[in-house]
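As stored in query-v1.txt (compact mmCIF, C-alpha atoms):
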```txt
# COMPACT_ATOMS: atom_id res chain seq x y z
CA MET F 1 9.87 -9.52 -13.19
CA SER F 2 8.97 -13.13 -13.81
CA SER F 3 5.43 -13.88 -14.94
CA GLN F 4 5.42 -16.67 -12.36
CA PRO F 5 5.87 -14.96 -9.00
CA ARG F 6 7.30 -17.11 -6.28
CA ALA F 7 4.69 -18.22 -3.76
CA LEU F 8 5.90 -19.99 -0.64
CA ASP F 9 4.23 -23.29 0.11
CA ILE F 10 3.62 -22.52 3.76
CA CYS F 11 -0.16 -22.33 4.09
CA LYS F 12 -2.51 -25.23 3.51
CA ILE F 13 -5.67 -23.18 3.00
CA ASP F 14 -6.93 -23.14 -0.59
CA GLY F 15 -6.41 -19.81 -2.29
CA VAL F 16 -4.19 -18.26 0.38
CA ARG F 17 -0.78 -17.37 -1.02
CA VAL F 18 2.39 -16.05 0.56
CA PHE F 19 4.61 -14.22 -1.90
CA GLU F 20 8.31 -13.81 -1.37
CA LEU F 21 8.88 -10.48 -3.09
CA PRO F 22 12.09 -9.26 -4.71
CA LEU F 23 14.39 -7.50 -2.28
CA LYS F 24 16.92 -4.98 -3.54
CA LYS F 25 19.58 -3.99 -1.05
CA ASP F 26 22.27 -1.46 -1.72
CA SER F 27 24.13 1.32 0.05
CA ARG F 28 21.04 3.54 -0.06
CA GLY F 29 18.83 1.04 1.74
CA SER F 30 16.40 -1.76 0.97
CA LEU F 31 13.43 -1.89 -1.38
CA THR F 32 10.80 -4.51 -2.00
CA PHE F 33 7.91 -4.28 -4.45
CA ALA F 34 4.87 -5.98 -5.89
CA GLN F 35 2.83 -5.23 -8.95
CA TYR F 36 -0.40 -6.11 -10.68
CA ASP F 37 -1.39 -8.74 -11.53
CA GLN F 38 1.38 -10.92 -10.22
CA THR F 39 2.24 -10.49 -6.56
CA LEU F 40 -0.43 -7.79 -6.33
CA PRO F 41 -3.31 -9.94 -7.55
CA PHE F 42 -5.90 -7.12 -7.64
CA LEU F 43 -6.06 -3.34 -8.02
CA PRO F 44 -6.40 -1.99 -4.47
CA GLN F 45 -9.34 0.36 -3.92
CA ARG F 46 -8.41 0.87 -0.28
CA TYR F 47 -5.48 0.52 2.04
CA PHE F 48 -5.18 0.69 5.79
CA ILE F 49 -2.25 0.78 8.16
CA VAL F 50 -2.37 -0.78 11.63
CA PHE F 51 0.20 0.25 14.24
CA ASP F 52 0.77 0.81 17.95
CA VAL F 53 -1.02 -2.43 18.74
CA GLY F 54 -0.82 -3.14 22.46
CA GLU F 55 0.80 -6.24 23.83
CA GLY F 56 -1.52 -9.23 23.72
CA GLN F 57 -4.07 -7.50 21.52
CA THR F 58 -5.63 -9.16 18.50
CA ARG F 59 -7.01 -7.50 15.36
CA GLY F 60 -9.25 -8.68 12.58
CA GLY F 61 -11.48 -11.58 13.56
CA HIS F 62 -13.75 -11.53 10.53
CA ALA F 63 -13.97 -12.54 6.88
CA HIS F 64 -15.05 -10.72 3.74
CA ARG F 65 -17.78 -11.86 1.41
CA GLU F 66 -16.06 -10.71 -1.78
CA VAL F 67 -13.08 -8.49 -0.91
CA GLU F 68 -9.54 -9.79 -1.44
CA GLN F 69 -6.70 -8.55 0.74
CA LEU F 70 -2.94 -8.39 0.67
CA LEU F 71 -1.21 -8.10 4.07
CA ILE F 72 2.35 -6.86 4.44
CA CYS F 73 3.97 -6.45 7.84
CA VAL F 74 6.31 -3.66 6.77
CA LYS F 75 7.94 -3.30 10.19
CA GLY F 76 8.24 -5.76 13.03
CA SER F 77 6.13 -8.89 12.96
CA CYS F 78 2.70 -10.35 13.56
CA ARG F 79 1.02 -13.70 13.19
CA VAL F 80 -2.04 -14.20 11.02
CA LEU F 81 -4.49 -16.97 11.87
CA LEU F 82 -6.48 -18.18 8.88
CA ASP F 83 -9.58 -20.36 8.71
CA ASP F 84 -11.73 -21.22 5.69
CA GLY F 85 -14.43 -22.88 7.78
CA ASP F 86 -12.90 -26.34 7.42
CA THR F 87 -9.13 -25.85 7.63
CA ARG F 88 -7.04 -23.66 9.92
CA ASP F 89 -3.46 -22.53 9.48
CA GLU F 90 -1.27 -19.58 10.40
CA VAL F 91 1.38 -17.44 8.77
CA LEU F 92 4.08 -15.43 10.48
CA LEU F 93 4.73 -12.13 8.75
CA ASP F 94 8.13 -10.92 9.89
CA ARG F 95 9.71 -9.32 6.81
CA PRO F 96 8.55 -6.51 4.48
CA GLU F 97 9.22 -8.76 1.49
CA LEU F 98 6.48 -11.21 2.49
CA ALA F 99 3.00 -10.50 1.15
CA LEU F 100 0.06 -12.58 2.31
CA TYR F 101 -2.84 -12.83 -0.12
CA ILE F 102 -6.17 -13.66 1.52
CA PRO F 103 -9.05 -14.53 -0.80
CA PRO F 104 -12.68 -13.82 0.10
CA ARG F 105 -14.40 -15.99 2.72
CA VAL F 106 -11.32 -16.74 4.78
CA TRP F 107 -11.60 -15.75 8.44
CA ALA F 108 -8.43 -13.91 9.51
CA THR F 109 -7.16 -12.77 12.88
CA GLN F 110 -3.87 -11.02 13.58
CA GLU F 111 -2.06 -11.45 16.87
CA GLU F 112 1.39 -11.45 18.48
CA PHE F 113 2.17 -8.00 17.14
CA SER F 114 5.69 -6.95 18.01
CA ARG F 115 5.90 -3.62 19.76
CA ASP F 116 7.16 -1.89 16.57
CA ALA F 117 4.85 -3.75 14.16
CA VAL F 118 3.26 -1.88 11.27
CA LEU F 119 0.80 -3.89 9.20
CA ALA F 120 -0.21 -2.59 5.78
CA VAL F 121 -3.34 -4.05 4.22
CA MET F 122 -4.53 -3.51 0.67
CA ALA F 123 -8.11 -4.37 -0.15
CA SER F 124 -9.78 -4.94 -3.50
CA GLY F 125 -12.96 -3.10 -2.54
CA LEU F 126 -14.16 0.07 -0.85
CA TYR F 127 -15.18 -0.05 2.80
CA ASP F 128 -18.62 -1.57 3.14
CA PRO F 129 -19.80 -2.83 6.53
CA ALA F 130 -22.34 -5.14 4.83
CA GLU F 131 -19.45 -6.90 3.11
CA TYR F 132 -17.94 -8.13 6.39
CA LEU F 133 -18.75 -11.51 7.91
CA LYS F 134 -18.35 -10.95 11.66
CA ASP F 135 -20.43 -13.84 12.95
CA TYR F 136 -18.38 -17.02 12.85
CA VAL F 137 -21.32 -19.39 12.47
CA GLU F 138 -22.68 -17.39 9.56
CA PHE F 139 -19.18 -17.26 8.05
CA VAL F 140 -18.82 -21.06 8.11
CA ALA F 141 -22.19 -21.48 6.42
CA VAL F 142 -21.32 -18.95 3.71
CA ALA F 143 -17.82 -20.32 3.12
CA ARG F 144 -18.95 -23.95 2.94
CA GLY F 145 -21.92 -23.04 0.80
CA GLN F 146 -19.67 -21.28 -1.69
CA ARG F 147 -17.31 -24.25 -1.89
CA GLN F 148 -20.21 -26.59 -2.42
CA SER F 149 -21.53 -24.34 -5.17
CA ASN F 150 -18.07 -24.21 -6.80
CA ARG F 151 -17.83 -27.99 -6.73
CA LEU F 152 -21.23 -28.43 -8.34
CA GLU F 153 -20.27 -25.98 -11.08
CA GLN F 154 -17.12 -27.94 -11.80
CA GLU F 155 -18.93 -31.26 -12.10
CA MET U 1 -15.98 9.02 4.66
CA SER U 2 -16.47 12.57 3.47
CA SER U 3 -16.54 13.13 -0.26
CA GLN U 4 -14.20 16.07 0.31
CA PRO U 5 -11.05 14.61 1.84
CA ARG U 6 -9.02 16.97 3.90
CA ALA U 7 -5.87 18.13 2.11
CA LEU U 8 -3.38 20.15 4.12
CA ASP U 9 -2.31 23.41 2.56
CA ILE U 10 1.39 22.86 3.15
CA CYS U 11 2.88 22.53 -0.32
CA LYS U 12 2.92 25.27 -2.94
CA ILE U 13 3.51 23.04 -5.97
CA ASP U 14 0.50 22.69 -8.26
CA GLY U 15 -1.11 19.28 -8.07
CA VAL U 16 0.81 18.06 -5.04
CA ARG U 17 -1.54 17.22 -2.17
CA VAL U 18 -0.96 16.17 1.40
CA PHE U 19 -3.91 14.28 2.86
CA GLU U 20 -4.54 14.07 6.57
CA LEU U 21 -6.19 10.67 6.79
CA PRO U 22 -8.65 9.49 9.43
CA LEU U 23 -6.97 8.01 12.47
CA LYS U 24 -8.84 5.54 14.65
CA LYS U 25 -7.26 4.83 18.01
CA ASP U 26 -8.61 2.39 20.51
CA SER U 27 -7.41 -0.19 23.01
CA ARG U 28 -6.44 -2.55 20.18
CA GLY U 29 -4.15 -0.04 18.47
CA SER U 30 -4.26 2.60 15.75
CA LEU U 31 -5.58 2.41 12.21
CA THR U 32 -5.46 4.89 9.35
CA PHE U 33 -6.86 4.35 5.86
CA ALA U 34 -7.36 5.82 2.41
CA GLN U 35 -9.61 4.78 -0.40
CA TYR U 36 -10.29 5.38 -4.05
CA ASP U 37 -10.89 7.88 -5.45
CA GLN U 38 -10.64 10.26 -2.56
CA THR U 39 -7.40 10.15 -0.57
CA LEU U 40 -6.23 7.34 -2.85
CA PRO U 41 -6.58 9.26 -6.11
CA PHE U 42 -5.74 6.33 -8.42
CA LEU U 43 -5.89 2.53 -8.43
CA PRO U 44 -2.35 1.40 -7.58
CA GLN U 45 -0.81 -1.03 -10.05
CA ARG U 46 2.37 -1.28 -8.02
CA TYR U 47 3.67 -0.65 -4.54
CA PHE U 48 7.14 -0.55 -3.10
CA ILE U 49 8.48 -0.36 0.43
CA VAL U 50 11.74 1.42 1.28
CA PHE U 51 13.46 0.69 4.60
CA ASP U 52 16.84 0.38 6.30
CA VAL U 53 17.99 3.60 4.65
CA GLY U 54 21.42 4.54 5.93
CA GLU U 55 22.10 7.79 7.71
CA GLY U 56 22.56 10.66 5.27
CA GLN U 57 21.34 8.67 2.28
CA THR U 58 18.88 10.07 -0.24
CA ARG U 59 16.43 8.13 -2.41
CA GLY U 60 14.42 9.03 -5.49
CA GLY U 61 15.90 11.88 -7.49
CA HIS U 62 13.71 11.53 -10.58
CA ALA U 63 10.28 12.30 -11.95
CA HIS U 64 7.73 10.23 -13.84
CA ARG U 65 6.29 11.09 -17.24
CA GLU U 66 2.78 9.80 -16.49
CA VAL U 67 2.79 7.80 -13.27
CA GLU U 68 1.14 9.22 -10.14
CA GLN U 69 2.39 8.26 -6.70
CA LEU U 70 1.16 8.29 -3.13
CA LEU U 71 3.85 8.29 -0.42
CA ILE U 72 3.15 7.24 3.15
CA CYS U 73 5.89 7.13 5.76
CA VAL U 74 4.29 4.38 7.82
CA LYS U 75 7.04 4.32 10.45
CA GLY U 76 9.56 6.96 11.47
CA SER U 77 9.99 9.99 9.24
CA CYS U 78 11.56 11.32 6.07
CA ARG U 79 11.57 14.56 4.14
CA VAL U 80 10.42 14.78 0.53
CA LEU U 81 11.86 17.49 -1.71
CA LEU U 82 9.59 18.40 -4.60
CA ASP U 83 10.29 20.40 -7.73
CA ASP U 84 8.04 20.97 -10.77
CA GLY U 85 10.77 22.64 -12.79
CA ASP U 86 9.80 26.13 -11.66
CA THR U 87 8.84 25.84 -8.00
CA ARG U 88 10.47 23.91 -5.17
CA ASP U 89 9.02 22.92 -1.84
CA GLU U 90 9.34 20.15 0.71
CA VAL U 91 7.06 18.03 2.88
CA LEU U 92 7.96 16.26 6.10
CA LEU U 93 6.26 12.88 6.41
CA ASP U 94 6.35 11.91 10.05
CA ARG U 95 3.01 10.19 10.71
CA PRO U 96 1.30 7.19 9.07
CA GLU U 97 -1.85 9.26 8.65
CA LEU U 98 -0.18 11.65 6.20
CA ALA U 99 -0.32 10.68 2.52
CA LEU U 100 1.59 12.72 -0.05
CA TYR U 101 0.18 12.67 -3.56
CA ILE U 102 2.72 13.46 -6.26
CA PRO U 103 1.37 14.01 -9.77
CA PRO U 104 3.38 13.19 -12.89
CA ARG U 105 6.30 15.44 -13.87
CA VAL U 106 7.27 16.47 -10.36
CA TRP U 107 10.87 15.70 -9.42
CA ALA U 108 10.99 14.09 -5.99
CA THR U 109 13.86 13.24 -3.66
CA GLN U 110 13.57 11.69 -0.20
CA GLU U 111 16.10 12.43 2.49
CA GLU U 112 16.57 12.68 6.26
CA PHE U 113 15.21 9.18 6.82
CA SER U 114 15.00 8.36 10.49
CA ARG U 115 16.76 5.15 11.42
CA ASP U 116 13.43 3.29 11.76
CA ALA U 117 11.77 4.88 8.73
CA VAL U 118 9.60 2.77 6.43
CA LEU U 119 8.31 4.52 3.33
CA ALA U 120 5.44 2.96 1.40
CA VAL U 121 4.86 4.16 -2.14
CA MET U 122 1.88 3.33 -4.33
CA ALA U 123 2.18 3.96 -8.04
CA SER U 124 -0.51 4.25 -10.70
CA GLY U 125 1.48 2.32 -13.30
CA LEU U 126 3.60 -0.78 -13.70
CA TYR U 127 7.37 -0.47 -13.55
CA ASP U 128 8.69 0.89 -16.83
CA PRO U 129 12.22 2.33 -16.97
CA ALA U 130 11.29 4.40 -20.06
CA GLU U 131 8.70 6.16 -17.96
CA TYR U 132 11.26 7.67 -15.59
CA LEU U 133 12.78 11.10 -16.11
CA LYS U 134 16.24 10.81 -14.55
CA ASP U 135 17.97 13.68 -16.33
CA TYR U 136 17.09 16.94 -14.60
CA VAL U 137 17.54 19.15 -17.67
CA GLU U 138 15.29 16.89 -19.74
CA PHE U 139 12.78 16.82 -16.87
CA VAL U 140 12.55 20.63 -16.75
CA ALA U 141 11.97 20.78 -20.50
CA VAL U 142 9.25 18.11 -20.34
CA ALA U 143 7.54 19.63 -17.28
CA ARG U 144 7.53 23.18 -18.65
CA GLY U 145 6.47 21.97 -22.07
CA GLN U 146 3.49 20.17 -20.60
CA ARG U 147 2.41 23.21 -18.57
CA GLN U 148 2.70 25.41 -21.66
CA SER U 149 0.62 22.91 -23.61
CA ASN U 150 -2.00 22.82 -20.82
CA ARG U 151 -2.19 26.62 -20.80
CA LEU U 152 -2.68 26.80 -24.58
CA GLU U 153 -5.46 24.21 -24.34
CA GLN U 154 -7.23 26.25 -21.69
CA GLU U 155 -7.14 29.47 -23.69
```

Written as C-alpha cells, how would this file's structure read?
Amino acid sequence: MSSQPRALDICKIDGVRVFELPLKKDSRGSLTFAQYDQTLPFLPQRYFIVFDVGEGQTRGGHAHREVEQLLICVKGSCRVLLDDGDTRDEVLLDRPELALYIPPRVWATQEEFSRDAVLAVMASGLYDPAEYLKDYVEFVAVARGQRQSNRLEQE
Amino acid sequence: MSSQPRALDICKIDGVRVFELPLKKDSRGSLTFAQYDQTLPFLPQRYFIVFDVGEGQTRGGHAHREVEQLLICVKGSCRVLLDDGDTRDEVLLDRPELALYIPPRVWATQEEFSRDAVLAVMASGLYDPAEYLKDYVEFVAVARGQRQSNRLEQE
C-alpha cells in the first residue's frame, strides 16, 4: 500500500478527509480495506454499527471533544452533514470503499439513509458521555476557541 | 458496559468466542457496538470489508500466525468454519450484534454468504503475507506445536 493514501478533495472542512480505499474484485467477491496509520488514522477503541434506520430519520447531531471517527457506509448509502462551527459541507457515502475521517470538534449529522444502509463507525476512544458536545452553541464556542488557540500557538 | 461481556457458548474451539453485543433499537434505527478491551479484545490495526460474494463462493481458507481477528456480518449472513488443527466447529453469523473472535492459529473459511451479505473483519496487525498460514499441513504442525509448547510451559 502506498504511504500516501488517496484522499478525495470533496470536503472543504479543515481536517475532514474522504479516503478512496483499494477495491479488489474477483470471482469470489469484492474486498476493500484500510490500515493504520494511513487510511485508518487512529487505532479504534470502539466501533458501532447503525442499521434499520427509518425513512426520514437522522442520526448523530453532535460533536466530540477529542474523539476521532472513521465512517464507512458498508451497504447502501447515507449523507453526512459536517460543520466545524464556521464552515458547513456534506459528504455522500454510497460505496464501501469510501471512508470518511472526522476529526474532533466537527459537528456531524447523518441523514438520507437508504432502506438497506449499514453505517460502520470506528472511534478512537471509549464511550464517554462527557466527551460529547450535544449543545450546538457550546460546540461552536469550543470549536472556535480551539482554532483560535491553535492559531496563537502557530504564531 | 459490563466488565464481563456476554460470550455465547456455541463454539467448542479453545479461544474462539462469539460475543452477543448490546443492541439499542429506537425510532431512529438500531445500533450495536463493541469496545476495547471487552468485546473488542484488541486494538484493530486494519479492517477489511467483504461484499458481493457470488453464490457458492468461499472466502478465507487460511490461518494467521499471530494476528487476531473479529468478524461481524453486518448485513445478511455467512457461515464460518473453524479448525484449530484438532477440533472443527462452525458459527453462523446472521446478525450485526454477533461478533466472532478468532485467535491466532485457527484456520477459518467463510461460506454460504447470503446475496446481500457484508462481512466486516478487524485485524490486530497490519497486512503481512508472511504472517498467513495458507498451507493446511504446515498450519496443523504450527498449531499443534504451539499448543504443545503452551502445555509444557504450564507444567

Could you do a least-squares fit of chain F on chain U over every C-alpha atom, in sequence order, and give the output as a PDB file with C-alpha atoms, in the coordinates of the input?
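This went into superposed06.pdb:
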```pdb
ATOM      1  CA  MET F   1     -16.033   9.092   4.703  1.00  0.00           C
ATOM      2  CA  SER F   2     -16.514  12.607   3.425  1.00  0.00           C
ATOM      3  CA  SER F   3     -16.524  13.115  -0.332  1.00  0.00           C
ATOM      4  CA  GLN F   4     -14.204  16.064   0.270  1.00  0.00           C
ATOM      5  CA  PRO F   5     -11.072  14.600   1.841  1.00  0.00           C
ATOM      6  CA  ARG F   6      -9.036  16.987   3.895  1.00  0.00           C
ATOM      7  CA  ALA F   7      -5.886  18.136   2.119  1.00  0.00           C
ATOM      8  CA  LEU F   8      -3.383  20.160   4.112  1.00  0.00           C
ATOM      9  CA  ASP F   9      -2.309  23.420   2.543  1.00  0.00           C
ATOM     10  CA  ILE F  10       1.382  22.862   3.135  1.00  0.00           C
ATOM     11  CA  CYS F  11       2.878  22.517  -0.341  1.00  0.00           C
ATOM     12  CA  LYS F  12       2.919  25.259  -2.938  1.00  0.00           C
ATOM     13  CA  ILE F  13       3.513  23.035  -5.962  1.00  0.00           C
ATOM     14  CA  ASP F  14       0.497  22.702  -8.258  1.00  0.00           C
ATOM     15  CA  GLY F  15      -1.120  19.296  -8.071  1.00  0.00           C
ATOM     16  CA  VAL F  16       0.799  18.029  -5.043  1.00  0.00           C
ATOM     17  CA  ARG F  17      -1.546  17.210  -2.178  1.00  0.00           C
ATOM     18  CA  VAL F  18      -0.967  16.146   1.403  1.00  0.00           C
ATOM     19  CA  PHE F  19      -3.905  14.266   2.873  1.00  0.00           C
ATOM     20  CA  GLU F  20      -4.531  14.065   6.576  1.00  0.00           C
ATOM     21  CA  LEU F  21      -6.183  10.661   6.804  1.00  0.00           C
ATOM     22  CA  PRO F  22      -8.659   9.489   9.433  1.00  0.00           C
ATOM     23  CA  LEU F  23      -6.982   8.001  12.477  1.00  0.00           C
ATOM     24  CA  LYS F  24      -8.844   5.526  14.655  1.00  0.00           C
ATOM     25  CA  LYS F  25      -7.259   4.826  18.010  1.00  0.00           C
ATOM     26  CA  ASP F  26      -8.610   2.387  20.522  1.00  0.00           C
ATOM     27  CA  SER F  27      -7.375  -0.182  23.011  1.00  0.00           C
ATOM     28  CA  ARG F  28      -6.415  -2.547  20.188  1.00  0.00           C
ATOM     29  CA  GLY F  29      -4.139  -0.041  18.480  1.00  0.00           C
ATOM     30  CA  SER F  30      -4.248   2.586  15.755  1.00  0.00           C
ATOM     31  CA  LEU F  31      -5.564   2.423  12.205  1.00  0.00           C
ATOM     32  CA  THR F  32      -5.460   4.871   9.348  1.00  0.00           C
ATOM     33  CA  PHE F  33      -6.878   4.346   5.867  1.00  0.00           C
ATOM     34  CA  ALA F  34      -7.383   5.805   2.428  1.00  0.00           C
ATOM     35  CA  GLN F  35      -9.619   4.762  -0.400  1.00  0.00           C
ATOM     36  CA  TYR F  36     -10.300   5.375  -4.056  1.00  0.00           C
ATOM     37  CA  ASP F  37     -10.925   7.895  -5.427  1.00  0.00           C
ATOM     38  CA  GLN F  38     -10.645  10.283  -2.536  1.00  0.00           C
ATOM     39  CA  THR F  39      -7.416  10.133  -0.567  1.00  0.00           C
ATOM     40  CA  LEU F  40      -6.241   7.332  -2.857  1.00  0.00           C
ATOM     41  CA  PRO F  41      -6.607   9.260  -6.105  1.00  0.00           C
ATOM     42  CA  PHE F  42      -5.755   6.322  -8.409  1.00  0.00           C
ATOM     43  CA  LEU F  43      -5.887   2.522  -8.433  1.00  0.00           C
ATOM     44  CA  PRO F  44      -2.346   1.392  -7.578  1.00  0.00           C
ATOM     45  CA  GLN F  45      -0.800  -1.053 -10.048  1.00  0.00           C
ATOM     46  CA  ARG F  46       2.391  -1.280  -8.014  1.00  0.00           C
ATOM     47  CA  TYR F  47       3.668  -0.643  -4.542  1.00  0.00           C
ATOM     48  CA  PHE F  48       7.143  -0.554  -3.094  1.00  0.00           C
ATOM     49  CA  ILE F  49       8.488  -0.351   0.422  1.00  0.00           C
ATOM     50  CA  VAL F  50      11.746   1.424   1.273  1.00  0.00           C
ATOM     51  CA  PHE F  51      13.475   0.688   4.581  1.00  0.00           C
ATOM     52  CA  ASP F  52      16.847   0.398   6.298  1.00  0.00           C
ATOM     53  CA  VAL F  53      17.998   3.596   4.632  1.00  0.00           C
ATOM     54  CA  GLY F  54      21.435   4.555   5.918  1.00  0.00           C
ATOM     55  CA  GLU F  55      22.085   7.810   7.676  1.00  0.00           C
ATOM     56  CA  GLY F  56      22.559  10.675   5.246  1.00  0.00           C
ATOM     57  CA  GLN F  57      21.344   8.687   2.262  1.00  0.00           C
ATOM     58  CA  THR F  58      18.882  10.072  -0.255  1.00  0.00           C
ATOM     59  CA  ARG F  59      16.408   8.148  -2.422  1.00  0.00           C
ATOM     60  CA  GLY F  60      14.408   9.038  -5.479  1.00  0.00           C
ATOM     61  CA  GLY F  61      15.893  11.888  -7.483  1.00  0.00           C
ATOM     62  CA  HIS F  62      13.723  11.534 -10.566  1.00  0.00           C
ATOM     63  CA  ALA F  63      10.278  12.293 -11.962  1.00  0.00           C
ATOM     64  CA  HIS F  64       7.719  10.223 -13.834  1.00  0.00           C
ATOM     65  CA  ARG F  65       6.300  11.080 -17.215  1.00  0.00           C
ATOM     66  CA  GLU F  66       2.792   9.806 -16.488  1.00  0.00           C
ATOM     67  CA  VAL F  67       2.798   7.790 -13.247  1.00  0.00           C
ATOM     68  CA  GLU F  68       1.135   9.217 -10.133  1.00  0.00           C
ATOM     69  CA  GLN F  69       2.382   8.256  -6.687  1.00  0.00           C
ATOM     70  CA  LEU F  70       1.156   8.268  -3.128  1.00  0.00           C
ATOM     71  CA  LEU F  71       3.860   8.282  -0.422  1.00  0.00           C
ATOM     72  CA  ILE F  72       3.165   7.237   3.152  1.00  0.00           C
ATOM     73  CA  CYS F  73       5.910   7.126   5.761  1.00  0.00           C
ATOM     74  CA  VAL F  74       4.300   4.385   7.834  1.00  0.00           C
ATOM     75  CA  LYS F  75       7.058   4.325  10.456  1.00  0.00           C
ATOM     76  CA  GLY F  76       9.545   6.977  11.454  1.00  0.00           C
ATOM     77  CA  SER F  77       9.985   9.993   9.226  1.00  0.00           C
ATOM     78  CA  CYS F  78      11.550  11.327   6.059  1.00  0.00           C
ATOM     79  CA  ARG F  79      11.561  14.563   4.134  1.00  0.00           C
ATOM     80  CA  VAL F  80      10.427  14.776   0.530  1.00  0.00           C
ATOM     81  CA  LEU F  81      11.863  17.478  -1.715  1.00  0.00           C
ATOM     82  CA  LEU F  82       9.584  18.396  -4.601  1.00  0.00           C
ATOM     83  CA  ASP F  83      10.282  20.413  -7.738  1.00  0.00           C
ATOM     84  CA  ASP F  84       8.041  20.972 -10.762  1.00  0.00           C
ATOM     85  CA  GLY F  85      10.784  22.636 -12.791  1.00  0.00           C
ATOM     86  CA  ASP F  86       9.803  26.134 -11.673  1.00  0.00           C
ATOM     87  CA  THR F  87       8.856  25.836  -7.998  1.00  0.00           C
ATOM     88  CA  ARG F  88      10.485  23.900  -5.168  1.00  0.00           C
ATOM     89  CA  ASP F  89       9.010  22.913  -1.831  1.00  0.00           C
ATOM     90  CA  GLU F  90       9.344  20.135   0.722  1.00  0.00           C
ATOM     91  CA  VAL F  91       7.075  18.020   2.876  1.00  0.00           C
ATOM     92  CA  LEU F  92       7.956  16.254   6.095  1.00  0.00           C
ATOM     93  CA  LEU F  93       6.268  12.883   6.394  1.00  0.00           C
ATOM     94  CA  ASP F  94       6.353  11.910  10.051  1.00  0.00           C
ATOM     95  CA  ARG F  95       3.014  10.189  10.708  1.00  0.00           C
ATOM     96  CA  PRO F  96       1.295   7.181   9.073  1.00  0.00           C
ATOM     97  CA  GLU F  97      -1.858   9.261   8.645  1.00  0.00           C
ATOM     98  CA  LEU F  98      -0.175  11.639   6.192  1.00  0.00           C
ATOM     99  CA  ALA F  99      -0.333  10.681   2.522  1.00  0.00           C
ATOM    100  CA  LEU F 100       1.582  12.692  -0.047  1.00  0.00           C
ATOM    101  CA  TYR F 101       0.164  12.647  -3.563  1.00  0.00           C
ATOM    102  CA  ILE F 102       2.715  13.425  -6.275  1.00  0.00           C
ATOM    103  CA  PRO F 103       1.365  14.006  -9.778  1.00  0.00           C
ATOM    104  CA  PRO F 104       3.380  13.187 -12.902  1.00  0.00           C
ATOM    105  CA  ARG F 105       6.298  15.440 -13.871  1.00  0.00           C
ATOM    106  CA  VAL F 106       7.262  16.466 -10.363  1.00  0.00           C
ATOM    107  CA  TRP F 107      10.871  15.705  -9.440  1.00  0.00           C
ATOM    108  CA  ALA F 108      10.990  14.089  -5.982  1.00  0.00           C
ATOM    109  CA  THR F 109      13.850  13.232  -3.668  1.00  0.00           C
ATOM    110  CA  GLN F 110      13.576  11.688  -0.216  1.00  0.00           C
ATOM    111  CA  GLU F 111      16.118  12.416   2.486  1.00  0.00           C
ATOM    112  CA  GLU F 112      16.575  12.682   6.256  1.00  0.00           C
ATOM    113  CA  PHE F 113      15.225   9.193   6.808  1.00  0.00           C
ATOM    114  CA  SER F 114      15.008   8.368  10.485  1.00  0.00           C
ATOM    115  CA  ARG F 115      16.762   5.173  11.438  1.00  0.00           C
ATOM    116  CA  ASP F 116      13.425   3.299  11.766  1.00  0.00           C
ATOM    117  CA  ALA F 117      11.765   4.888   8.712  1.00  0.00           C
ATOM    118  CA  VAL F 118       9.604   2.761   6.436  1.00  0.00           C
ATOM    119  CA  LEU F 119       8.307   4.514   3.334  1.00  0.00           C
ATOM    120  CA  ALA F 120       5.435   2.948   1.409  1.00  0.00           C
ATOM    121  CA  VAL F 121       4.856   4.155  -2.136  1.00  0.00           C
ATOM    122  CA  MET F 122       1.881   3.330  -4.322  1.00  0.00           C
ATOM    123  CA  ALA F 123       2.173   3.966  -8.028  1.00  0.00           C
ATOM    124  CA  SER F 124      -0.516   4.237 -10.680  1.00  0.00           C
ATOM    125  CA  GLY F 125       1.470   2.316 -13.285  1.00  0.00           C
ATOM    126  CA  LEU F 126       3.597  -0.789 -13.700  1.00  0.00           C
ATOM    127  CA  TYR F 127       7.373  -0.480 -13.555  1.00  0.00           C
ATOM    128  CA  ASP F 128       8.692   0.896 -16.815  1.00  0.00           C
ATOM    129  CA  PRO F 129      12.217   2.318 -16.976  1.00  0.00           C
ATOM    130  CA  ALA F 130      11.282   4.391 -20.059  1.00  0.00           C
ATOM    131  CA  GLU F 131       8.668   6.168 -17.957  1.00  0.00           C
ATOM    132  CA  TYR F 132      11.255   7.679 -15.596  1.00  0.00           C
ATOM    133  CA  LEU F 133      12.789  11.109 -16.117  1.00  0.00           C
ATOM    134  CA  LYS F 134      16.252  10.814 -14.549  1.00  0.00           C
ATOM    135  CA  ASP F 135      17.985  13.681 -16.314  1.00  0.00           C
ATOM    136  CA  TYR F 136      17.102  16.941 -14.605  1.00  0.00           C
ATOM    137  CA  VAL F 137      17.542  19.140 -17.666  1.00  0.00           C
ATOM    138  CA  GLU F 138      15.296  16.893 -19.722  1.00  0.00           C
ATOM    139  CA  PHE F 139      12.782  16.830 -16.854  1.00  0.00           C
ATOM    140  CA  VAL F 140      12.547  20.638 -16.740  1.00  0.00           C
ATOM    141  CA  ALA F 141      11.969  20.789 -20.486  1.00  0.00           C
ATOM    142  CA  VAL F 142       9.246  18.131 -20.329  1.00  0.00           C
ATOM    143  CA  ALA F 143       7.534  19.622 -17.276  1.00  0.00           C
ATOM    144  CA  ARG F 144       7.542  23.176 -18.639  1.00  0.00           C
ATOM    145  CA  GLY F 145       6.475  21.990 -22.057  1.00  0.00           C
ATOM    146  CA  GLN F 146       3.496  20.179 -20.572  1.00  0.00           C
ATOM    147  CA  ARG F 147       2.433  23.237 -18.585  1.00  0.00           C
ATOM    148  CA  GLN F 148       2.718  25.399 -21.653  1.00  0.00           C
ATOM    149  CA  SER F 149       0.624  22.915 -23.605  1.00  0.00           C
ATOM    150  CA  ASN F 150      -1.991  22.841 -20.812  1.00  0.00           C
ATOM    151  CA  ARG F 151      -2.179  26.625 -20.808  1.00  0.00           C
ATOM    152  CA  LEU F 152      -2.673  26.799 -24.559  1.00  0.00           C
ATOM    153  CA  GLU F 153      -5.456  24.223 -24.330  1.00  0.00           C
ATOM    154  CA  GLN F 154      -7.210  26.278 -21.688  1.00  0.00           C
ATOM    155  CA  GLU F 155      -7.091  29.482 -23.713  1.00  0.00           C
TER     156      GLU F 155
END
```

Checklist line | Contact residues (chain F, partner chain U, 7 Å, only C-alpha atoms) as a PyMOL selection string | finding: chain F and resi 28-36+43-54+57-59+126

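A straight line drawn from atom CA of F:Lys12 to atom CA of F:Leu98 is 16.7 Å long.
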